[in-house]
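Visitor: There's a structure below that I have some questions on.
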Amino acid sequence: FTVRVGSVMTTYRDFDAPDAFTTTAVGRPGERTFLIQVRGEGETITVKCEKSQVAAIAHYVRELLADLPDSKDAPLPEALSVSPNPEVAFVVGPIGVAYDRELDRIVIHLDEMVDLDEEGEPLDDVVASRIRGFLTRAQALAFCDHADDVVGAGRPNCRWCGLPMNIDGHPCPRMN
């Protein structure tokens, strides 16, 4: 469905019971492109995002899960690979994470990044997209575990400064 708020027209796509909510990174460490993919109801949507966004979603979802009472959720899903040759629908901007108590679902909103004017407001007549996934606790936990693996598979951090190192090293600020 589509809704106009101010000058922004937003197209929503809800995945009430997604088959998969997953992430991957393509490319060499240091040059990777991060993707999030939602599959369900005969549709697949893939969006491009930043490594820090994937890590932040996993972090906040874990905190949210830790605050919830125990539940007898299904086993962790295993289908966490991204479909081959995904077409990117949009680049992710704002992200929201929430808990729907009535449905007992973790809700993740992925909003499209839109161009802003000089005052920080969206340009006139912008059309943006939003994906909303309603994940079971098991799906949310599986996403977190998988996201940690994907994020952690990048460049190793320098033992002195903590910054990522390239294959040929890096200019460490602590090693003047």
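So you can find residues: chains in the structure tokens are A, B, ... in the order shown, residues in each start at 1, and ligands are numbered from 1 in order.
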Env of Val54 in chain A: 12 Å cut, atoms = only C-alpha atoms, seq-sep filter 2 positions within chain, self excluded. Answer as an MDAnalysis selection string.
Guide: chainID A and resid 21:25 33:37 47:52 56:61 92:93 95 108 110 143:152
Visitor: For the residues in the current selection, export C-alpha atoms as a short mmCIF file (atom, residue, chain, number, x, y, z; two decimals), in the first residue's frame.
Guide:
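Printed below is again.cif as written:
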data_model
loop_
_atom_site.label_atom_id
_atom_site.label_comp_id
_atom_site.auth_asym_id
_atom_site.auth_seq_id
_atom_site.Cartn_x
_atom_site.Cartn_y
_atom_site.Cartn_z
CA PHE A 21 15.07 -12.48 6.69
CA THR A 22 18.79 -12.65 6.05
CA THR A 23 21.96 -10.79 5.14
CA THR A 24 25.14 -11.30 3.15
CA ALA A 25 28.20 -9.43 1.98
CA THR A 33 28.68 -4.60 -0.30
CA PHE A 34 26.16 -5.60 2.36
CA LEU A 35 22.69 -6.79 1.47
CA ILE A 36 19.57 -7.67 3.43
CA GLN A 37 17.00 -9.91 1.81
CA VAL A 47 18.21 -3.97 -0.27
CA LYS A 48 21.72 -2.56 -0.02
CA CYS A 49 22.96 -1.33 3.34
CA GLU A 50 26.09 -0.57 5.35
CA LYS A 51 28.01 -3.05 7.47
CA SER A 52 27.28 -0.89 10.51
CA ALA A 56 23.25 -2.43 14.61
CA ILE A 57 20.13 -4.40 13.69
CA ALA A 58 21.67 -7.56 15.18
CA HIS A 59 22.70 -5.66 18.33
CA TYR A 60 19.29 -4.07 18.94
CA VAL A 61 17.36 -7.24 18.14
CA VAL A 92 18.55 1.51 3.21
CA GLY A 93 18.33 4.75 5.17
CA ILE A 95 15.90 1.51 10.31
CA ILE A 108 12.08 -4.63 11.48
CA LEU A 110 13.88 -0.82 6.46
CA PHE A 143 19.34 -13.35 11.73
CA CYS A 144 21.48 -12.06 14.63
CA ASP A 145 23.74 -15.12 14.65
CA HIS A 146 24.12 -15.04 10.87
CA ALA A 147 24.68 -11.25 10.82
CA ASP A 148 27.46 -11.62 13.40
CA ASP A 149 29.17 -14.18 11.14
CA VAL A 150 28.80 -12.02 8.02
CA VAL A 151 30.05 -8.85 9.73
CA GLY A 152 32.90 -10.72 11.43
#
Visitor: Run DSSP on the backbone and give me the residues of range 4-175 of chain A it puts in strand (DSSP E), as a PDB file with N, CA and C atoms, in the first residue's frame.
Guide:
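Output below, filename selection.pdb:
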ATOM      1  N   ARG A   4       0.865   8.996   1.570  1.00  0.00           N
ATOM      2  CA  ARG A   4       1.575  10.270   1.445  1.00  0.00           C
ATOM      3  C   ARG A   4       1.657  10.908   2.818  1.00  0.00           C
ATOM      4  N   VAL A   5       2.889  11.254   3.221  1.00  0.00           N
ATOM      5  CA  VAL A   5       3.121  11.999   4.453  1.00  0.00           C
ATOM      6  C   VAL A   5       3.930  13.219   4.054  1.00  0.00           C
ATOM      7  N   VAL A   8       6.408  13.331   0.927  1.00  0.00           N
ATOM      8  CA  VAL A   8       6.950  12.005   0.632  1.00  0.00           C
ATOM      9  C   VAL A   8       5.823  10.994   0.449  1.00  0.00           C
ATOM     10  N   MET A   9       5.868  10.303  -0.672  1.00  0.00           N
ATOM     11  CA  MET A   9       4.950   9.210  -0.942  1.00  0.00           C
ATOM     12  C   MET A   9       5.703   7.933  -0.588  1.00  0.00           C
ATOM     13  N   THR A  10       5.197   7.153   0.370  1.00  0.00           N
ATOM     14  CA  THR A  10       5.879   5.945   0.817  1.00  0.00           C
ATOM     15  C   THR A  10       5.079   4.713   0.425  1.00  0.00           C
ATOM     16  N   THR A  11       5.767   3.788  -0.223  1.00  0.00           N
ATOM     17  CA  THR A  11       5.179   2.511  -0.599  1.00  0.00           C
ATOM     18  C   THR A  11       5.637   1.479   0.410  1.00  0.00           C
ATOM     19  N   TYR A  12       4.673   0.860   1.076  1.00  0.00           N
ATOM     20  CA  TYR A  12       4.955  -0.130   2.102  1.00  0.00           C
ATOM     21  C   TYR A  12       4.819  -1.533   1.531  1.00  0.00           C
ATOM     22  N   ARG A  13       5.718  -2.413   1.962  1.00  0.00           N
ATOM     23  CA  ARG A  13       5.584  -3.838   1.647  1.00  0.00           C
ATOM     24  C   ARG A  13       5.782  -4.583   2.954  1.00  0.00           C
ATOM     25  N   ASP A  14       4.717  -5.191   3.453  1.00  0.00           N
ATOM     26  CA  ASP A  14       4.776  -5.945   4.702  1.00  0.00           C
ATOM     27  C   ASP A  14       4.965  -7.426   4.405  1.00  0.00           C
ATOM     28  N   PHE A  15       5.860  -8.045   5.159  1.00  0.00           N
ATOM     29  CA  PHE A  15       6.045  -9.483   5.131  1.00  0.00           C
ATOM     30  C   PHE A  15       5.569  -9.987   6.494  1.00  0.00           C
ATOM     31  N   ALA A  20      12.191 -16.009   5.007  1.00  0.00           N
ATOM     32  CA  ALA A  20      13.572 -15.713   5.383  1.00  0.00           C
ATOM     33  C   ALA A  20      13.764 -14.212   5.529  1.00  0.00           C
ATOM     34  N   PHE A  21      14.592 -13.846   6.497  1.00  0.00           N
ATOM     35  CA  PHE A  21      15.070 -12.476   6.685  1.00  0.00           C
ATOM     36  C   PHE A  21      16.548 -12.662   6.946  1.00  0.00           C
ATOM     37  N   THR A  22      17.385 -12.280   5.980  1.00  0.00           N
ATOM     38  CA  THR A  22      18.794 -12.645   6.054  1.00  0.00           C
ATOM     39  C   THR A  22      19.689 -11.548   5.502  1.00  0.00           C
ATOM     40  N   THR A  23      20.976 -11.764   5.603  1.00  0.00           N
ATOM     41  CA  THR A  23      21.961 -10.795   5.135  1.00  0.00           C
ATOM     42  C   THR A  23      23.143 -11.519   4.516  1.00  0.00           C
ATOM     43  N   THR A  24      23.898 -10.795   3.715  1.00  0.00           N
ATOM     44  CA  THR A  24      25.139 -11.301   3.147  1.00  0.00           C
ATOM     45  C   THR A  24      26.028 -10.123   2.801  1.00  0.00           C
ATOM     46  N   ALA A  25      27.262 -10.442   2.473  1.00  0.00           N
ATOM     47  CA  ALA A  25      28.200  -9.432   1.981  1.00  0.00           C
ATOM     48  C   ALA A  25      28.854 -10.021   0.741  1.00  0.00           C
ATOM     49  N   VAL A  26      28.950  -9.212  -0.306  1.00  0.00           N
ATOM     50  CA  VAL A  26      29.596  -9.661  -1.533  1.00  0.00           C
ATOM     51  C   VAL A  26      30.813  -8.787  -1.792  1.00  0.00           C
ATOM     52  N   THR A  33      29.995  -5.216  -0.230  1.00  0.00           N
ATOM     53  CA  THR A  33      28.683  -4.601  -0.299  1.00  0.00           C
ATOM     54  C   THR A  33      27.758  -5.470   0.543  1.00  0.00           C
ATOM     55  N   PHE A  34      27.050  -4.866   1.469  1.00  0.00           N
ATOM     56  CA  PHE A  34      26.165  -5.599   2.360  1.00  0.00           C
ATOM     57  C   PHE A  34      24.735  -5.530   1.854  1.00  0.00           C
ATOM     58  N   LEU A  35      24.065  -6.663   1.936  1.00  0.00           N
ATOM     59  CA  LEU A  35      22.689  -6.789   1.472  1.00  0.00           C
ATOM     60  C   LEU A  35      21.834  -7.418   2.558  1.00  0.00           C
ATOM     61  N   ILE A  36      20.579  -7.009   2.606  1.00  0.00           N
ATOM     62  CA  ILE A  36      19.570  -7.666   3.434  1.00  0.00           C
ATOM     63  C   ILE A  36      18.484  -8.133   2.475  1.00  0.00           C
ATOM     64  N   GLN A  37      18.025  -9.358   2.692  1.00  0.00           N
ATOM     65  CA  GLN A  37      17.001  -9.909   1.809  1.00  0.00           C
ATOM     66  C   GLN A  37      15.843 -10.451   2.646  1.00  0.00           C
ATOM     67  N   VAL A  38      14.628 -10.146   2.178  1.00  0.00           N
ATOM     68  CA  VAL A  38      13.408 -10.661   2.788  1.00  0.00           C
ATOM     69  C   VAL A  38      12.689 -11.482   1.725  1.00  0.00           C
ATOM     70  N   ARG A  39      12.333 -12.721   2.093  1.00  0.00           N
ATOM     71  CA  ARG A  39      11.613 -13.599   1.175  1.00  0.00           C
ATOM     72  C   ARG A  39      10.346 -14.085   1.850  1.00  0.00           C
ATOM     73  N   GLY A  40       9.268 -14.108   1.063  1.00  0.00           N
ATOM     74  CA  GLY A  40       8.017 -14.640   1.582  1.00  0.00           C
ATOM     75  C   GLY A  40       6.870 -14.329   0.667  1.00  0.00           C
ATOM     76  N   GLU A  43       7.514 -13.629  -2.976  1.00  0.00           N
ATOM     77  CA  GLU A  43       8.250 -12.420  -3.358  1.00  0.00           C
ATOM     78  C   GLU A  43       9.586 -12.367  -2.626  1.00  0.00           C
ATOM     79  N   THR A  44      10.582 -11.786  -3.301  1.00  0.00           N
ATOM     80  CA  THR A  44      11.899 -11.583  -2.710  1.00  0.00           C
ATOM     81  C   THR A  44      12.292 -10.134  -2.921  1.00  0.00           C
ATOM     82  N   ILE A  45      12.685  -9.455  -1.851  1.00  0.00           N
ATOM     83  CA  ILE A  45      13.166  -8.077  -1.953  1.00  0.00           C
ATOM     84  C   ILE A  45      14.540  -8.016  -1.307  1.00  0.00           C
ATOM     85  N   THR A  46      15.499  -7.450  -2.032  1.00  0.00           N
ATOM     86  CA  THR A  46      16.867  -7.292  -1.553  1.00  0.00           C
ATOM     87  C   THR A  46      17.194  -5.813  -1.514  1.00  0.00           C
ATOM     88  N   VAL A  47      17.817  -5.369  -0.415  1.00  0.00           N
ATOM     89  CA  VAL A  47      18.206  -3.972  -0.267  1.00  0.00           C
ATOM     90  C   VAL A  47      19.676  -3.893   0.095  1.00  0.00           C
ATOM     91  N   LYS A  48      20.303  -2.806  -0.311  1.00  0.00           N
ATOM     92  CA  LYS A  48      21.715  -2.562  -0.018  1.00  0.00           C
ATOM     93  C   LYS A  48      21.802  -1.744   1.266  1.00  0.00           C
ATOM     94  N   CYS A  49      22.799  -2.064   2.095  1.00  0.00           N
ATOM     95  CA  CYS A  49      22.963  -1.329   3.341  1.00  0.00           C
ATOM     96  C   CYS A  49      24.432  -1.272   3.712  1.00  0.00           C
ATOM     97  N   VAL A  88      18.939  -5.305  -6.415  1.00  0.00           N
ATOM     98  CA  VAL A  88      18.768  -4.401  -5.279  1.00  0.00           C
ATOM     99  C   VAL A  88      17.604  -3.448  -5.544  1.00  0.00           C
ATOM    100  N   ALA A  89      16.632  -3.455  -4.639  1.00  0.00           N
ATOM    101  CA  ALA A  89      15.450  -2.610  -4.776  1.00  0.00           C
ATOM    102  C   ALA A  89      15.733  -1.163  -4.377  1.00  0.00           C
ATOM    103  N   PHE A  90      16.504  -0.978  -3.294  1.00  0.00           N
ATOM    104  CA  PHE A  90      16.849   0.369  -2.849  1.00  0.00           C
ATOM    105  C   PHE A  90      17.974   0.312  -1.834  1.00  0.00           C
ATOM    106  N   VAL A  91      18.498   1.489  -1.491  1.00  0.00           N
ATOM    107  CA  VAL A  91      19.532   1.626  -0.464  1.00  0.00           C
ATOM    108  C   VAL A  91      18.833   2.004   0.839  1.00  0.00           C
ATOM    109  N   VAL A  92      19.203   1.313   1.910  1.00  0.00           N
ATOM    110  CA  VAL A  92      18.554   1.510   3.207  1.00  0.00           C
ATOM    111  C   VAL A  92      19.026   2.809   3.851  1.00  0.00           C
ATOM    112  N   GLY A  93      18.070   3.550   4.382  1.00  0.00           N
ATOM    113  CA  GLY A  93      18.333   4.751   5.173  1.00  0.00           C
ATOM    114  C   GLY A  93      17.960   4.441   6.615  1.00  0.00           C
ATOM    115  N   PRO A  94      16.890   5.066   7.122  1.00  0.00           N
ATOM    116  CA  PRO A  94      16.472   4.812   8.510  1.00  0.00           C
ATOM    117  C   PRO A  94      16.002   3.375   8.724  1.00  0.00           C
ATOM    118  N   ILE A  95      16.283   2.869   9.919  1.00  0.00           N
ATOM    119  CA  ILE A  95      15.897   1.508  10.307  1.00  0.00           C
ATOM    120  C   ILE A  95      15.147   1.592  11.625  1.00  0.00           C
ATOM    121  N   GLY A  96      14.124   0.774  11.754  1.00  0.00           N
ATOM    122  CA  GLY A  96      13.391   0.694  13.017  1.00  0.00           C
ATOM    123  C   GLY A  96      13.292  -0.748  13.465  1.00  0.00           C
ATOM    124  N   VAL A  97      13.389  -0.964  14.764  1.00  0.00           N
ATOM    125  CA  VAL A  97      13.227  -2.288  15.353  1.00  0.00           C
ATOM    126  C   VAL A  97      12.226  -2.149  16.489  1.00  0.00           C
ATOM    127  N   ALA A  98      11.233  -3.034  16.514  1.00  0.00           N
ATOM    128  CA  ALA A  98      10.203  -2.973  17.547  1.00  0.00           C
ATOM    129  C   ALA A  98       9.722  -4.384  17.870  1.00  0.00           C
ATOM    130  N   TYR A  99       8.894  -4.464  18.895  1.00  0.00           N
ATOM    131  CA  TYR A  99       8.292  -5.742  19.270  1.00  0.00           C
ATOM    132  C   TYR A  99       6.786  -5.581  19.264  1.00  0.00           C
ATOM    133  N   ASP A 100       6.088  -6.455  18.558  1.00  0.00           N
ATOM    134  CA  ASP A 100       4.628  -6.468  18.531  1.00  0.00           C
ATOM    135  C   ASP A 100       4.171  -7.514  19.537  1.00  0.00           C
ATOM    136  N   ARG A 105       5.971 -10.897  17.716  1.00  0.00           N
ATOM    137  CA  ARG A 105       6.890 -10.814  16.579  1.00  0.00           C
ATOM    138  C   ARG A 105       7.830  -9.631  16.751  1.00  0.00           C
ATOM    139  N   ILE A 106       9.066  -9.820  16.270  1.00  0.00           N
ATOM    140  CA  ILE A 106      10.022  -8.723  16.175  1.00  0.00           C
ATOM    141  C   ILE A 106       9.751  -8.058  14.827  1.00  0.00           C
ATOM    142  N   VAL A 107       9.571  -6.747  14.845  1.00  0.00           N
ATOM    143  CA  VAL A 107       9.256  -6.015  13.618  1.00  0.00           C
ATOM    144  C   VAL A 107      10.472  -5.187  13.222  1.00  0.00           C
ATOM    145  N   ILE A 108      10.928  -5.380  11.986  1.00  0.00           N
ATOM    146  CA  ILE A 108      12.077  -4.628  11.485  1.00  0.00           C
ATOM    147  C   ILE A 108      11.616  -3.815  10.281  1.00  0.00           C
ATOM    148  N   HIS A 109      11.802  -2.487  10.367  1.00  0.00           N
ATOM    149  CA  HIS A 109      11.460  -1.557   9.288  1.00  0.00           C
ATOM    150  C   HIS A 109      12.743  -1.171   8.576  1.00  0.00           C
ATOM    151  N   LEU A 110      12.746  -1.277   7.269  1.00  0.00           N
ATOM    152  CA  LEU A 110      13.878  -0.819   6.461  1.00  0.00           C
ATOM    153  C   LEU A 110      13.336   0.235   5.507  1.00  0.00           C
ATOM    154  N   ASP A 111      13.712   1.492   5.733  1.00  0.00           N
ATOM    155  CA  ASP A 111      13.243   2.595   4.901  1.00  0.00           C
ATOM    156  C   ASP A 111      14.280   2.960   3.855  1.00  0.00           C
ATOM    157  N   GLU A 112      13.795   3.335   2.707  1.00  0.00           N
ATOM    158  CA  GLU A 112      14.684   3.762   1.626  1.00  0.00           C
ATOM    159  C   GLU A 112      15.323   5.109   1.965  1.00  0.00           C
ATOM    160  N   VAL A 126       8.991  13.102  -3.428  1.00  0.00           N
ATOM    161  CA  VAL A 126       9.860  11.931  -3.316  1.00  0.00           C
ATOM    162  C   VAL A 126       8.983  10.695  -3.141  1.00  0.00           C
ATOM    163  N   VAL A 127       9.336   9.640  -3.831  1.00  0.00           N
ATOM    164  CA  VAL A 127       8.665   8.354  -3.655  1.00  0.00           C
ATOM    165  C   VAL A 127       9.667   7.419  -2.990  1.00  0.00           C
ATOM    166  N   ALA A 128       9.342   6.955  -1.801  1.00  0.00           N
ATOM    167  CA  ALA A 128      10.247   6.105  -1.026  1.00  0.00           C
ATOM    168  C   ALA A 128       9.569   4.762  -0.760  1.00  0.00           C
ATOM    169  N   SER A 129      10.380   3.785  -0.414  1.00  0.00           N
ATOM    170  CA  SER A 129       9.858   2.454  -0.102  1.00  0.00           C
ATOM    171  C   SER A 129      10.184   2.105   1.349  1.00  0.00           C
ATOM    172  N   ARG A 130       9.351   1.254   1.905  1.00  0.00           N
ATOM    173  CA  ARG A 130       9.590   0.721   3.246  1.00  0.00           C
ATOM    174  C   ARG A 130       9.223  -0.757   3.225  1.00  0.00           C
ATOM    175  N   ILE A 131      10.146  -1.555   3.745  1.00  0.00           N
ATOM    176  CA  ILE A 131       9.876  -2.974   3.938  1.00  0.00           C
ATOM    177  C   ILE A 131       9.708  -3.186   5.424  1.00  0.00           C
ATOM    178  N   ARG A 132       8.711  -3.977   5.757  1.00  0.00           N
ATOM    179  CA  ARG A 132       8.490  -4.281   7.165  1.00  0.00           C
ATOM    180  C   ARG A 132       8.370  -5.799   7.304  1.00  0.00           C
ATOM    181  N   GLY A 133       9.290  -6.383   8.086  1.00  0.00           N
ATOM    182  CA  GLY A 133       9.268  -7.822   8.304  1.00  0.00           C
ATOM    183  C   GLY A 133       8.843  -8.139   9.716  1.00  0.00           C
ATOM    184  N   PHE A 134       7.885  -9.042   9.858  1.00  0.00           N
ATOM    185  CA  PHE A 134       7.400  -9.490  11.164  1.00  0.00           C
ATOM    186  C   PHE A 134       8.020 -10.858  11.429  1.00  0.00           C
ATOM    187  N   LEU A 135       9.095 -10.882  12.214  1.00  0.00           N
ATOM    188  CA  LEU A 135       9.875 -12.090  12.420  1.00  0.00           C
ATOM    189  C   LEU A 135       9.501 -12.801  13.714  1.00  0.00           C
TER     190      LEU A 135
END
Visitor: Residues of range 16-115 of chain A classed as helix (DSSP H, G or I) by DSSP on the backbone are to be reported as number ranges by chain.
Guide: A: 51-67
Visitor: Please, could you write that set of residues out with C-alpha atoms as a tab-separated table (two decimals), in the first residue's frame?
Guide:
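Generated file (again-v3.tsv):
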chain	number	residue	atom	x	y	z
A	51	LYS	CA	28.01	-3.05	7.47
A	52	SER	CA	27.28	-0.89	10.51
A	53	GLN	CA	23.54	-1.11	9.81
A	54	VAL	CA	23.63	-4.92	9.75
A	55	ALA	CA	25.62	-4.94	12.99
A	56	ALA	CA	23.25	-2.43	14.61
A	57	ILE	CA	20.13	-4.40	13.69
A	58	ALA	CA	21.67	-7.56	15.18
A	59	HIS	CA	22.70	-5.66	18.33
A	60	TYR	CA	19.29	-4.07	18.94
A	61	VAL	CA	17.36	-7.24	18.14
A	62	ARG	CA	19.51	-9.21	20.61
A	63	GLU	CA	18.83	-6.60	23.31
A	64	LEU	CA	15.11	-6.73	22.55
A	65	LEU	CA	15.06	-10.54	22.68
A	66	ALA	CA	16.95	-10.50	26.00
A	67	ASP	CA	14.23	-8.28	27.54
Visitor: Excluding same-chain residues fewer than 5 positions from Arg174 in chain A, what lies within 12 Å of it counting only C-alpha atoms, as number ranges by chain?
Guide: A: 158-163
Visitor: Write the residues you've just listed into a file as a PDB file, in the first residue's frame, and include all heavy atoms for each of them.
Guide:
ATOM      1  N   CYS A 158      43.270  -4.255  13.825  1.00  0.00           N
ATOM      2  CA  CYS A 158      44.630  -4.052  14.324  1.00  0.00           C
ATOM      3  C   CYS A 158      44.639  -4.263  15.830  1.00  0.00           C
ATOM      4  O   CYS A 158      43.768  -3.756  16.543  1.00  0.00           O
ATOM      5  CB  CYS A 158      45.076  -2.635  13.982  1.00  0.00           C
ATOM      6  SG  CYS A 158      46.665  -2.168  14.693  1.00  0.00           S
ATOM      7  N   ARG A 159      45.626  -4.990  16.327  1.00  0.00           N
ATOM      8  CA  ARG A 159      45.684  -5.245  17.763  1.00  0.00           C
ATOM      9  C   ARG A 159      46.068  -4.011  18.555  1.00  0.00           C
ATOM     10  O   ARG A 159      45.872  -3.949  19.764  1.00  0.00           O
ATOM     11  CB  ARG A 159      46.620  -6.394  18.066  1.00  0.00           C
ATOM     12  CG  ARG A 159      48.062  -6.082  17.806  1.00  0.00           C
ATOM     13  CD  ARG A 159      48.914  -7.277  18.107  1.00  0.00           C
ATOM     14  NE  ARG A 159      50.311  -6.883  18.093  1.00  0.00           N
ATOM     15  CZ  ARG A 159      51.270  -7.657  18.501  1.00  0.00           C
ATOM     16  NH1 ARG A 159      51.006  -8.860  18.950  1.00  0.00           N
ATOM     17  NH2 ARG A 159      52.503  -7.237  18.457  1.00  0.00           N
ATOM     18  N   TRP A 160      46.616  -2.985  17.912  1.00  0.00           N
ATOM     19  CA  TRP A 160      47.047  -1.766  18.600  1.00  0.00           C
ATOM     20  C   TRP A 160      45.966  -0.695  18.653  1.00  0.00           C
ATOM     21  O   TRP A 160      45.760  -0.072  19.682  1.00  0.00           O
ATOM     22  CB  TRP A 160      48.302  -1.179  17.947  1.00  0.00           C
ATOM     23  CG  TRP A 160      49.412  -2.174  17.856  1.00  0.00           C
ATOM     24  CD1 TRP A 160      49.905  -2.750  16.726  1.00  0.00           C
ATOM     25  CD2 TRP A 160      50.145  -2.751  18.931  1.00  0.00           C
ATOM     26  NE1 TRP A 160      50.890  -3.633  17.022  1.00  0.00           N
ATOM     27  CE2 TRP A 160      51.072  -3.662  18.388  1.00  0.00           C
ATOM     28  CE3 TRP A 160      50.118  -2.600  20.310  1.00  0.00           C
ATOM     29  CZ2 TRP A 160      51.943  -4.396  19.153  1.00  0.00           C
ATOM     30  CZ3 TRP A 160      50.988  -3.336  21.079  1.00  0.00           C
ATOM     31  CH2 TRP A 160      51.896  -4.218  20.517  1.00  0.00           C
ATOM     32  N   CYS A 161      45.305  -0.474  17.509  1.00  0.00           N
ATOM     33  CA  CYS A 161      44.339   0.633  17.460  1.00  0.00           C
ATOM     34  C   CYS A 161      42.897   0.177  17.269  1.00  0.00           C
ATOM     35  O   CYS A 161      41.977   0.962  17.446  1.00  0.00           O
ATOM     36  CB  CYS A 161      44.718   1.622  16.355  1.00  0.00           C
ATOM     37  SG  CYS A 161      44.470   0.972  14.683  1.00  0.00           S
ATOM     38  N   GLY A 162      42.703  -1.078  16.865  1.00  0.00           N
ATOM     39  CA  GLY A 162      41.355  -1.590  16.689  1.00  0.00           C
ATOM     40  C   GLY A 162      40.729  -1.300  15.335  1.00  0.00           C
ATOM     41  O   GLY A 162      39.629  -1.757  15.048  1.00  0.00           O
ATOM     42  N   LEU A 163      41.406  -0.543  14.486  1.00  0.00           N
ATOM     43  CA  LEU A 163      40.878  -0.243  13.157  1.00  0.00           C
ATOM     44  C   LEU A 163      41.081  -1.436  12.228  1.00  0.00           C
ATOM     45  O   LEU A 163      42.008  -2.215  12.403  1.00  0.00           O
ATOM     46  CB  LEU A 163      41.566   1.000  12.574  1.00  0.00           C
ATOM     47  CG  LEU A 163      41.303   2.308  13.310  1.00  0.00           C
ATOM     48  CD1 LEU A 163      42.171   3.417  12.741  1.00  0.00           C
ATOM     49  CD2 LEU A 163      39.832   2.677  13.225  1.00  0.00           C
TER      50      LEU A 163
END
